[in-house]
Protein chains: 2
Amino acid sequence: MSSTPLTRSEAKDLTRRRLIRAALAILDTEGEAGLTTVKVAKAAGIAQSSFYVHFKDKQDLLRVLGDEGGDRLRRSMREARRRAREAPDVTEHQRDTFRIPLEAICRHPELLRILHRARHDPSSSMHEFAKEASLAYRDHHAADLAALGYTADNERDRRRLEMIAEGINAATNALALGHLEGRYPDLEEAVDVLVSLSKGALRMLKSSSAAARPPVTGGTMPGDG
Amino acid sequence: MSSTPLTRSEAKDLTRRRLIRAALAILDTEGEAGLTTVKVAKAAGIAQSSFYVHFKDKQDLLRVLGDEGGDRLRRSMREARRRAREAPDVTEHQRDTFRIPLEAICRHPELLRILHRARHDPSSSMHEFAKEASLAYRDHHAADLAALGYTADNERDRRRLEMIAEGINAATNALALGHLEGRYPDLEEAVDVLVSLSKGALRMLKSSSAAARPPVTGGTMPGDG
DNA sequence: AATTTCACCGATAGTACTATCGGTGAGGGA
DNA sequence: TCCCTCACCGATAGTACTATCGGTGAAATT
């Protein structure tokens, strides 16, 4: 292994990374109430006072965490859309639409847990950010569902599509967390459930907005913007 | 209005009630981090030190809050089952199954918000309690879904039913909170969405476990234990 | 080589909260 | 009426955390 031929700024950046990583771990295991500069600095191996070399204050750390989480979320959403487009057929595309977010959550569960918590905690420093992220994700998912065969062409249907997206989204998170808690060992079963939920919802939309059609499985699939 | 001909224990109980009410309001608006004995006592109109006349410590208050919330939840679930059984037909029974929880949440949104937050916050004093309540509610909902026409007779289907229940449950909470946040003004639309989601899920179960049958709307309905 | 920069340190002032203590006065039993 | 009980009070010790300060030594610059 290489020794430590680090420039000063490299070393500083490393420490900063350690602080962020430590903060995420503490947020995940102890919640926002358990996140103190003492713990973060100790976990990163520096003095508490040195925390302030890297962040203006605790609030600043949380803001940075939010920003980084947002970036990761956006990248993850782009990646998901790209991968889903590569699916060999409609059925697999449909499953990918649910499998990819589930896998993403399982790769970095702490991010979902933290965001999810902040989303519902008005005292959280990341509350507003989490609400926006949640809405953005709902709209992303609504677009995904639209790509699976439904296009909303009036306000009522658009709102229903949003509701369905938000509902399925909540279900996705719940099943992912259940999987992580060990209750649902097989992720493919979760995909099954989510596909079946969305099928029911899309069926409602189709039959209410246009001529009734047979189940989505065989339909054509409009591209996505 | 009557003056104050209260016995001592009546007056004490009144103060205790005021403390609990104040605590719930603060939990709802500021989260668990914002709940301090100073604020609770002040909001209830007594000195901070007098808080300890009513509760052993802060933890004790949260425990009591959890217990009361649990009681209310259980009563609410019993009530919901009773009311749903009175529905004139299957379709209305189905809608009631979703409408009743939605209405219950909207009557006391702070309870759901608090529970929901605690459910995902490991630092919360009510974390374990909230997890248990969440599981209990999932099982209640699974029983409801079973009553709507599906009976799981093997382990795999039982697990799927649980997953569906947990997913729909999460969707119900999400839509209720969305309604409270003003995004979905019409609660009946939320009922529509939840019914359609559950229809898709139940269709999957039926076709995978037994002979395929036409949509649930016309099926027979086993009673509930 | 001399000098400057700066990441990190220990110490500490300041703040917010929890929980305890002795005191007080009105309720309520004798 | 006398006296005890106890819900409530103000004061305060103790604890945990945030954020600032001056000092230090090695890296970087000159």
# chains A, B, ... in the order shown; residues from 1 in each chain; ligands from 1
>>> interface_residues(of="chain C", to="chain B", cutoff="12 Å", atoms="only C-alpha atoms (C1' of nucleotides)", output="ChimeraX atom specification")
/C:16-21,26-28
>>> interface_residues(of="chain D", to="chain A", cutoff="9 Å", atoms="only C-alpha atoms (C1' of nucleotides)", output="list in words")
DC17, DT18, DA19, DT20, DA27 and DA28 of chain D
>>> interface_residues(of="chain A", to="chain B", cutoff="10 Å", atoms="only C-alpha atoms", output="PyMOL selection string")
chain A and resi 27-35+113-114+116-124+156+159-175+177-179+183-184+189-190+192-205
>>> atom_distance(atom1="atom CA of B:Leu65", atom2="atom CA of B:Arg16")
11.7 Å
>>> atom_distance(atom1="atom CA of B:His141", atom2="atom CA of B:Ala80")
10.7 Å
>>> atom_distance(atom1="atom C1' of C:DT15", atom2="atom C1' of D:DG14")
14.4 Å
>>> select_by_dssp(residues="stretch 4-179 of chain A", states="alpha helix (DSSP H)", output="number ranges by chain")
A: 8-30, 37-44, 51-54, 58-85, 90-107, 109-120, 127-147, 155-179
>>> closest_residue(among="A:Thr91, A:Ser50, A:Asn154, A:Ser125", to="A:Val64", atoms="only C-alpha atoms")
A:Ser125
